[in-house]
>>> print(open('data-v4.cif').read())   # mmCIF, C-alpha atoms, pLDDT in the B column; chains and numbers go by the auth columns
data_run
#
loop_
_atom_site.group_PDB
_atom_site.id
_atom_site.type_symbol
_atom_site.label_atom_id
_atom_site.label_comp_id
_atom_site.label_asym_id
_atom_site.label_seq_id
_atom_site.Cartn_x
_atom_site.Cartn_y
_atom_site.Cartn_z
_atom_site.B_iso_or_equiv
_atom_site.auth_seq_id
_atom_site.auth_asym_id
ATOM 1 C CA MET A 1 109.807 66.391 189.151 72.00 1 A
ATOM 2 C CA LYS A 2 111.778 63.154 189.174 74.00 2 A
ATOM 3 C CA LYS A 3 109.585 61.800 191.997 76.00 3 A
ATOM 4 C CA VAL A 4 106.435 62.535 190.011 75.00 4 A
ATOM 5 C CA TRP A 5 107.841 60.810 186.922 76.00 5 A
ATOM 6 C CA ASN A 6 108.907 57.756 188.914 76.00 6 A
ATOM 7 C CA SER A 7 105.428 57.419 190.397 75.00 7 A
ATOM 8 C CA ILE A 8 103.571 57.696 187.063 83.00 8 A
ATOM 9 C CA LYS A 9 105.995 56.215 184.496 79.00 9 A
ATOM 10 C CA ASP A 10 104.605 52.676 184.800 82.00 10 A
ATOM 11 C CA TYR A 11 101.103 53.974 184.072 81.00 11 A
ATOM 12 C CA VAL A 12 102.336 55.992 181.092 78.00 12 A
ATOM 13 C CA PHE A 13 104.051 52.918 179.615 82.00 13 A
ATOM 14 C CA ILE A 14 100.913 50.814 180.157 83.00 14 A
ATOM 15 C CA VAL A 15 98.742 53.397 178.390 82.00 15 A
ATOM 16 C CA ILE A 16 101.182 53.595 175.475 84.00 16 A
ATOM 17 C CA ALA A 17 101.357 49.789 175.217 82.00 17 A
ATOM 18 C CA VAL A 18 97.547 49.495 175.206 82.00 18 A
ATOM 19 C CA LEU A 19 97.237 52.174 172.531 83.00 19 A
ATOM 20 C CA ILE A 20 99.808 50.463 170.314 81.00 20 A
ATOM 21 C CA ILE A 21 98.182 47.040 170.755 77.00 21 A
ATOM 22 C CA ARG A 22 94.657 48.366 170.038 76.00 22 A
ATOM 23 C CA THR A 23 95.804 50.411 167.055 80.00 23 A
ATOM 24 C CA TYR A 24 97.948 47.830 165.273 76.00 24 A
ATOM 25 C CA PHE A 25 97.227 44.335 166.605 84.00 25 A
ATOM 26 C CA VAL A 26 93.884 43.514 168.248 86.00 26 A
ATOM 27 C CA THR A 27 90.873 45.392 169.551 89.00 27 A
ATOM 28 C CA PRO A 28 87.424 44.502 170.811 92.00 28 A
ATOM 29 C CA ALA A 29 84.431 45.124 168.530 92.00 29 A
ATOM 30 C CA ILE A 30 80.719 45.051 169.268 92.00 30 A
ATOM 31 C CA VAL A 31 78.337 43.331 166.848 95.00 31 A
ATOM 32 C CA ASP A 32 75.671 45.801 165.773 94.00 32 A
ATOM 33 C CA GLY A 33 72.571 44.388 164.102 94.00 33 A
ATOM 34 C CA GLU A 34 71.190 41.054 162.985 95.00 34 A
ATOM 35 C CA SER A 35 73.036 40.519 159.693 94.00 35 A
ATOM 36 C CA MET A 36 75.339 37.814 161.123 94.00 36 A
ATOM 37 C CA ASN A 37 72.639 35.886 163.072 92.00 37 A
ATOM 38 C CA ASP A 38 72.962 33.041 164.184 89.00 38 A
ATOM 39 C CA THR A 39 76.773 33.091 164.110 92.00 39 A
ATOM 40 C CA LEU A 40 77.090 36.471 165.842 95.00 40 A
ATOM 41 C CA LEU A 41 74.251 38.193 167.649 95.00 41 A
ATOM 42 C CA ASP A 42 73.583 41.879 168.242 95.00 42 A
ATOM 43 C CA GLY A 43 75.548 43.158 171.246 95.00 43 A
ATOM 44 C CA GLN A 44 78.110 40.356 171.355 96.00 44 A
ATOM 45 C CA ILE A 45 81.737 41.399 171.754 96.00 45 A
ATOM 46 C CA VAL A 46 84.421 39.891 169.527 96.00 46 A
ATOM 47 C CA ILE A 47 88.159 40.337 169.135 95.00 47 A
ATOM 48 C CA LEU A 48 89.273 41.934 165.884 94.00 48 A
ATOM 49 C CA ASN A 49 92.673 40.651 164.782 94.00 49 A
ATOM 50 C CA LYS A 50 94.185 43.504 162.747 91.00 50 A
ATOM 51 C CA ILE A 51 97.515 41.874 162.016 90.00 51 A
ATOM 52 C CA SER A 52 96.540 38.431 160.695 86.00 52 A
ATOM 53 C CA TYR A 53 96.151 39.518 157.055 85.00 53 A
ATOM 54 C CA ARG A 54 99.580 41.110 156.973 82.00 54 A
ATOM 55 C CA PHE A 55 101.048 37.593 157.131 84.00 55 A
ATOM 56 C CA ASN A 56 98.186 35.338 155.955 88.00 56 A
ATOM 57 C CA ASP A 57 95.815 35.265 153.018 92.00 57 A
ATOM 58 C CA ILE A 58 92.146 36.116 153.273 95.00 58 A
ATOM 59 C CA ASN A 59 90.223 32.859 153.006 96.00 59 A
ATOM 60 C CA ARG A 60 86.729 32.011 151.901 96.00 60 A
ATOM 61 C CA PHE A 61 84.302 31.984 154.871 95.00 61 A
ATOM 62 C CA ASP A 62 86.546 34.156 157.088 97.00 62 A
ATOM 63 C CA ILE A 63 84.531 36.594 159.176 97.00 63 A
ATOM 64 C CA VAL A 64 85.942 40.081 158.710 97.00 64 A
ATOM 65 C CA VAL A 65 85.361 43.679 159.723 96.00 65 A
ATOM 66 C CA LEU A 66 85.266 46.060 156.773 96.00 66 A
ATOM 67 C CA LYS A 67 85.267 49.812 156.301 94.00 67 A
ATOM 68 C CA ASN A 68 81.876 50.698 154.810 92.00 68 A
ATOM 69 C CA ASP A 69 82.498 54.068 153.183 87.00 69 A
ATOM 70 C CA GLU A 70 78.886 54.383 152.008 85.00 70 A
ATOM 71 C CA ASP A 71 77.585 54.583 155.598 84.00 71 A
ATOM 72 C CA ASN A 72 80.868 55.801 157.141 88.00 72 A
ATOM 73 C CA ASP A 73 81.013 52.881 159.573 91.00 73 A
ATOM 74 C CA LYS A 74 82.426 49.388 159.960 94.00 74 A
ATOM 75 C CA ILE A 75 80.518 46.172 159.263 96.00 75 A
ATOM 76 C CA ILE A 76 81.061 42.502 160.081 97.00 76 A
ATOM 77 C CA LYS A 77 80.528 40.051 157.201 97.00 77 A
ATOM 78 C CA ARG A 78 81.689 36.686 155.893 96.00 78 A
ATOM 79 C CA VAL A 79 84.041 36.449 152.878 97.00 79 A
ATOM 80 C CA ILE A 80 82.355 34.443 150.132 96.00 80 A
ATOM 81 C CA GLY A 81 84.166 35.468 146.953 97.00 81 A
ATOM 82 C CA LEU A 82 87.906 35.912 146.505 98.00 82 A
ATOM 83 C CA PRO A 83 89.595 37.950 143.730 98.00 83 A
ATOM 84 C CA ASN A 84 88.778 37.067 140.117 98.00 84 A
ATOM 85 C CA GLU A 85 85.875 34.741 140.830 98.00 85 A
ATOM 86 C CA ASN A 86 82.346 34.255 139.602 98.00 86 A
ATOM 87 C CA ILE A 87 80.064 33.800 142.625 97.00 87 A
ATOM 88 C CA LYS A 88 76.647 32.312 142.087 95.00 88 A
ATOM 89 C CA TYR A 89 73.895 31.202 144.473 91.00 89 A
ATOM 90 C CA THR A 90 71.283 28.982 142.890 90.00 90 A
ATOM 91 C CA ASP A 91 68.705 26.982 144.869 88.00 91 A
ATOM 92 C CA ASN A 92 70.560 27.957 148.058 85.00 92 A
ATOM 93 C CA LYS A 93 73.812 26.367 146.858 89.00 93 A
ATOM 94 C CA LEU A 94 77.080 28.246 146.379 92.00 94 A
ATOM 95 C CA TYR A 95 78.989 27.943 143.116 95.00 95 A
ATOM 96 C CA ILE A 96 82.398 29.487 142.562 97.00 96 A
ATOM 97 C CA ASN A 97 83.517 29.538 138.930 97.00 97 A
ATOM 98 C CA ASP A 98 80.674 27.072 138.186 95.00 98 A
ATOM 99 C CA LYS A 99 81.900 24.526 140.779 96.00 99 A
ATOM 100 C CA LEU A 100 79.708 23.630 143.763 94.00 100 A
ATOM 101 C CA VAL A 101 81.302 24.656 147.071 92.00 101 A
ATOM 102 C CA GLU A 102 80.415 22.360 149.970 86.00 102 A
ATOM 103 C CA THR A 103 80.379 23.782 153.483 83.00 103 A
ATOM 104 C CA ASP A 104 79.109 22.703 156.867 78.00 104 A
ATOM 105 C CA LEU A 105 78.207 26.318 157.698 76.00 105 A
ATOM 106 C CA LYS A 106 74.502 27.001 158.158 74.00 106 A
ATOM 107 C CA PHE A 107 73.137 30.120 156.495 74.00 107 A
ATOM 108 C CA LYS A 108 69.663 31.560 156.225 71.00 108 A
ATOM 109 C CA GLU A 109 68.122 30.949 152.809 76.00 109 A
ATOM 110 C CA THR A 110 69.426 33.159 150.047 82.00 110 A
ATOM 111 C CA THR A 111 67.674 34.328 146.915 87.00 111 A
ATOM 112 C CA ASP A 112 69.496 33.410 143.720 92.00 112 A
ATOM 113 C CA PHE A 113 72.178 35.827 142.500 94.00 113 A
ATOM 114 C CA GLU A 114 75.382 36.022 140.489 96.00 114 A
ATOM 115 C CA TYR A 115 78.323 38.438 140.891 97.00 115 A
ATOM 116 C CA GLU A 116 81.964 38.680 139.844 97.00 116 A
ATOM 117 C CA THR A 117 85.070 39.951 141.574 98.00 117 A
ATOM 118 C CA LYS A 118 88.112 41.553 139.976 97.00 118 A
ATOM 119 C CA ASP A 119 91.738 41.820 141.125 96.00 119 A
ATOM 120 C CA ASN A 120 91.990 42.731 144.827 95.00 120 A
ATOM 121 C CA GLU A 121 88.194 42.479 145.321 97.00 121 A
ATOM 122 C CA TYR A 122 86.227 40.397 147.822 98.00 122 A
ATOM 123 C CA PHE A 123 82.532 39.554 147.852 98.00 123 A
ATOM 124 C CA VAL A 124 81.066 39.443 151.377 97.00 124 A
ATOM 125 C CA LEU A 125 77.690 38.424 152.793 95.00 125 A
ATOM 126 C CA GLY A 126 76.041 38.448 156.166 94.00 126 A
ATOM 127 C CA ASP A 127 74.948 35.035 157.440 92.00 127 A
ATOM 128 C CA ASN A 128 71.390 36.356 157.851 91.00 128 A
ATOM 129 C CA ARG A 129 71.015 37.170 154.163 88.00 129 A
ATOM 130 C CA VAL A 130 67.420 38.423 154.430 89.00 130 A
ATOM 131 C CA VAL A 131 68.434 41.534 156.422 92.00 131 A
ATOM 132 C CA SER A 132 72.106 41.903 155.537 93.00 132 A
ATOM 133 C CA LYS A 133 73.450 44.980 153.762 94.00 133 A
ATOM 134 C CA ASP A 134 76.457 43.379 152.072 95.00 134 A
ATOM 135 C CA SER A 135 78.188 43.081 148.684 97.00 135 A
ATOM 136 C CA ARG A 136 74.849 42.514 146.969 95.00 136 A
ATOM 137 C CA ILE A 137 74.014 46.137 147.861 95.00 137 A
ATOM 138 C CA LEU A 138 77.373 47.781 148.629 96.00 138 A
ATOM 139 C CA GLY A 139 79.425 46.079 145.904 96.00 139 A
ATOM 140 C CA ASN A 140 82.728 44.291 146.275 97.00 140 A
ATOM 141 C CA PHE A 141 85.309 45.356 148.858 97.00 141 A
ATOM 142 C CA LYS A 142 89.032 45.829 148.296 96.00 142 A
ATOM 143 C CA LYS A 143 91.662 44.236 150.531 94.00 143 A
ATOM 144 C CA GLU A 144 92.495 47.624 152.046 94.00 144 A
ATOM 145 C CA ASP A 145 88.838 47.922 153.149 96.00 145 A
ATOM 146 C CA ILE A 146 89.292 44.867 155.366 96.00 146 A
ATOM 147 C CA VAL A 147 90.224 46.041 158.860 94.00 147 A
ATOM 148 C CA GLY A 148 90.850 42.558 160.223 95.00 148 A
ATOM 149 C CA LYS A 149 89.614 39.081 160.968 96.00 149 A
ATOM 150 C CA VAL A 150 87.135 38.092 163.666 95.00 150 A
ATOM 151 C CA ASN A 151 87.606 34.633 165.146 90.00 151 A
ATOM 152 C CA ILE A 152 87.094 34.965 168.904 93.00 152 A
ATOM 153 C CA ARG A 153 83.973 35.941 170.837 95.00 153 A
ATOM 154 C CA ILE A 154 84.542 37.238 174.387 93.00 154 A
ATOM 155 C CA TYR A 155 81.000 38.208 175.387 94.00 155 A
ATOM 156 C CA PRO A 156 78.555 36.911 176.459 93.00 156 A
ATOM 157 C CA LEU A 157 80.648 34.850 178.829 90.00 157 A
ATOM 158 C CA ASP A 158 78.684 31.639 178.188 91.00 158 A
ATOM 159 C CA ARG A 159 79.624 31.852 174.470 91.00 159 A
ATOM 160 C CA ILE A 160 83.337 32.671 174.799 92.00 160 A
ATOM 161 C CA GLY A 161 85.450 30.913 172.212 91.00 161 A
ATOM 162 C CA SER A 162 86.358 30.631 168.580 91.00 162 A
ATOM 163 C CA ILE A 163 83.899 31.502 165.837 90.00 163 A
ATOM 164 C CA LYS A 164 83.364 29.530 162.641 82.00 164 A
#
>>> encode(input="data-v4.cif", output="structure tokens")
Amino acid sequence: MKKVWNSIKDYVFIVIAVLIIRTYFVTPAIVDGESMNDTLLDGQIVILNKISYRFNDINRFDIVVLKNDEDNDKIIKRVIGLPNENIKYTDNKLYINDKLVETDLKFKETTDFEYETKDNEYFVLGDNRVVSKDSRILGNFKKEDIVGKVNIRIYPLDRIGSIK
């Protein structure tokens, strides 16, 4: 029995280490759908950082994976509104608490809207607003709904790198 254990123990430790890393720290995720076009395309593989928000705040324009209880799945969206904010899009310009927010990010045109967040709530949108099922439909998300942050693409190989 000792011989068997000695021959397989390294593999057992590797499997345990991989399971711990994937469960608590990072895991790959596949983009499903067109709601994040042109930033993320259907079928691309990204790394989901599950630990970053335990030590850092959620920031506006972060790309996150969220638990979508309505459809019992996970979705990738961009954080637009932080807790206790008034979010308004008028003439394709973003206003937070009536102040214009400048960004160099390119989004598809967005119809005008206005929403508010409460304590511990985040307003998220897909970059391809025309087809995105996001906070405009699903409502605001709580911090505990956020599984982690997406900031690295690993596939396709010609697009490996950080994501803005």
>>> closest_residue(input="data-v4.cif", among="A:Ile58, A:Ile76, A:Ile8, A:Val131", to="Glu144 (chain A)", atoms="only C-alpha atoms")
A:Ile58
>>> closest_residue(input="data-v4.cif", among="A:Tyr115, A:Arg60, A:Glu121, A:Asp73", to="Val101 (chain A)", atoms="all atoms listed in the file")
A:Arg60
>>> resolve_selection(input="data-v4.cif", expression="the PyMOL selection byres ((chain A and resi 143) around 12)", output="ChimeraX atom specification")
/A:53-54,57-59,64-67,79,82-83,117-124,140-142,144-149
>>> closest_residue(input="data-v4.cif", among="A:Ile80, A:Val150, A:Pro156, A:Lys93", to="Ser52 (chain A)", atoms="only C-alpha atoms")
A:Val150
>>> residues_around(input="data-v4.cif", residues="Asp98 (chain A)", least_positions_apart="5", cutoff="12 Å", atoms="all atoms listed in the file", output="PyMOL selection string")
chain A and resi 85-90+93+114-116
>>> closest_residue(input="data-v4.cif", among="A:Ser35, A:Asn92, A:Thr23, A:Ser7", to="Lys77 (chain A)", atoms="only C-alpha atoms")
A:Ser35
>>> closest_residue(input="data-v4.cif", among="A:Asp104, A:Asp62, A:Asp127, A:Asp71", to="Ile163 (chain A)", atoms="all atoms listed in the file")
A:Asp62
>>> axis_aligned_box(input="data-v4.cif", around="region 48-52 of chain A", padding_each_side="3 Å", output="AutoDock Vina command-line options")
--center_x 93.4 --center_y 41.0 --center_z 163.3 --size_x 14.2 --size_y 11.1 --size_z 11.2
>>> atom_distance(input="data-v4.cif", atom1="CA of Leu138 (chain A)", atom2="CA of Asp69 (chain A)")
9.3 Å
>>> closest_residue(input="data-v4.cif", among="A:Ile45, A:Asp38, A:Asp10, A:Phe25", to="Gly126 (chain A)", atoms="only C-alpha atoms")
A:Asp38
>>> build_atoms(input="data-v4.cif", residues="region 2-21 of chain A", atoms="N, CA and C atoms", output="PDB file, in the coordinates of the input")
ATOM      1  N   LYS A   2     111.349  64.536 189.347  1.00 74.00           N
ATOM      2  CA  LYS A   2     111.778  63.154 189.174  1.00 74.00           C
ATOM      3  C   LYS A   2     110.897  62.208 189.984  1.00 74.00           C
ATOM      4  N   LYS A   3     110.470  62.618 191.168  1.00 76.00           N
ATOM      5  CA  LYS A   3     109.585  61.800 191.997  1.00 76.00           C
ATOM      6  C   LYS A   3     108.242  61.580 191.308  1.00 76.00           C
ATOM      7  N   VAL A   4     107.726  62.640 190.712  1.00 75.00           N
ATOM      8  CA  VAL A   4     106.435  62.535 190.011  1.00 75.00           C
ATOM      9  C   VAL A   4     106.574  61.557 188.847  1.00 75.00           C
ATOM     10  N   TRP A   5     107.630  61.711 188.065  1.00 76.00           N
ATOM     11  CA  TRP A   5     107.841  60.810 186.922  1.00 76.00           C
ATOM     12  C   TRP A   5     107.970  59.367 187.388  1.00 76.00           C
ATOM     13  N   ASN A   6     108.738  59.123 188.410  1.00 76.00           N
ATOM     14  CA  ASN A   6     108.907  57.756 188.914  1.00 76.00           C
ATOM     15  C   ASN A   6     107.581  57.149 189.380  1.00 76.00           C
ATOM     16  N   SER A   7     106.696  57.960 189.903  1.00 75.00           N
ATOM     17  CA  SER A   7     105.428  57.419 190.397  1.00 75.00           C
ATOM     18  C   SER A   7     104.411  57.181 189.273  1.00 75.00           C
ATOM     19  N   ILE A   8     104.559  57.874 188.136  1.00 83.00           N
ATOM     20  CA  ILE A   8     103.571  57.696 187.063  1.00 83.00           C
ATOM     21  C   ILE A   8     104.117  56.989 185.820  1.00 83.00           C
ATOM     22  N   LYS A   9     105.421  56.754 185.735  1.00 79.00           N
ATOM     23  CA  LYS A   9     105.995  56.215 184.496  1.00 79.00           C
ATOM     24  C   LYS A   9     105.423  54.852 184.126  1.00 79.00           C
ATOM     25  N   ASP A  10     105.182  53.989 185.108  1.00 82.00           N
ATOM     26  CA  ASP A  10     104.605  52.676 184.800  1.00 82.00           C
ATOM     27  C   ASP A  10     103.234  52.820 184.143  1.00 82.00           C
ATOM     28  N   TYR A  11     102.429  53.745 184.642  1.00 81.00           N
ATOM     29  CA  TYR A  11     101.103  53.974 184.072  1.00 81.00           C
ATOM     30  C   TYR A  11     101.195  54.538 182.655  1.00 81.00           C
ATOM     31  N   VAL A  12     102.139  55.420 182.421  1.00 78.00           N
ATOM     32  CA  VAL A  12     102.336  55.992 181.092  1.00 78.00           C
ATOM     33  C   VAL A  12     102.721  54.887 180.107  1.00 78.00           C
ATOM     34  N   PHE A  13     103.635  54.011 180.491  1.00 82.00           N
ATOM     35  CA  PHE A  13     104.051  52.918 179.615  1.00 82.00           C
ATOM     36  C   PHE A  13     102.891  51.957 179.340  1.00 82.00           C
ATOM     37  N   ILE A  14     102.072  51.690 180.345  1.00 83.00           N
ATOM     38  CA  ILE A  14     100.913  50.814 180.157  1.00 83.00           C
ATOM     39  C   ILE A  14      99.936  51.428 179.159  1.00 83.00           C
ATOM     40  N   VAL A  15      99.655  52.715 179.308  1.00 82.00           N
ATOM     41  CA  VAL A  15      98.742  53.397 178.390  1.00 82.00           C
ATOM     42  C   VAL A  15      99.291  53.365 176.971  1.00 82.00           C
ATOM     43  N   ILE A  16     100.559  53.624 176.808  1.00 84.00           N
ATOM     44  CA  ILE A  16     101.182  53.595 175.475  1.00 84.00           C
ATOM     45  C   ILE A  16     101.112  52.185 174.889  1.00 84.00           C
ATOM     46  N   ALA A  17     101.419  51.177 175.701  1.00 82.00           N
ATOM     47  CA  ALA A  17     101.357  49.789 175.217  1.00 82.00           C
ATOM     48  C   ALA A  17      99.944  49.415 174.778  1.00 82.00           C
ATOM     49  N   VAL A  18      98.942  49.796 175.559  1.00 82.00           N
ATOM     50  CA  VAL A  18      97.547  49.495 175.206  1.00 82.00           C
ATOM     51  C   VAL A  18      97.162  50.194 173.908  1.00 82.00           C
ATOM     52  N   LEU A  19      97.551  51.440 173.760  1.00 83.00           N
ATOM     53  CA  LEU A  19      97.237  52.174 172.531  1.00 83.00           C
ATOM     54  C   LEU A  19      97.888  51.528 171.308  1.00 83.00           C
ATOM     55  N   ILE A  20      99.117  51.120 171.434  1.00 81.00           N
ATOM     56  CA  ILE A  20      99.808  50.463 170.314  1.00 81.00           C
ATOM     57  C   ILE A  20      99.133  49.135 169.974  1.00 81.00           C
ATOM     58  N   ILE A  21      98.829  48.339 170.989  1.00 77.00           N
ATOM     59  CA  ILE A  21      98.182  47.040 170.755  1.00 77.00           C
ATOM     60  C   ILE A  21      96.823  47.230 170.088  1.00 77.00           C
TER      61      ILE A  21
END
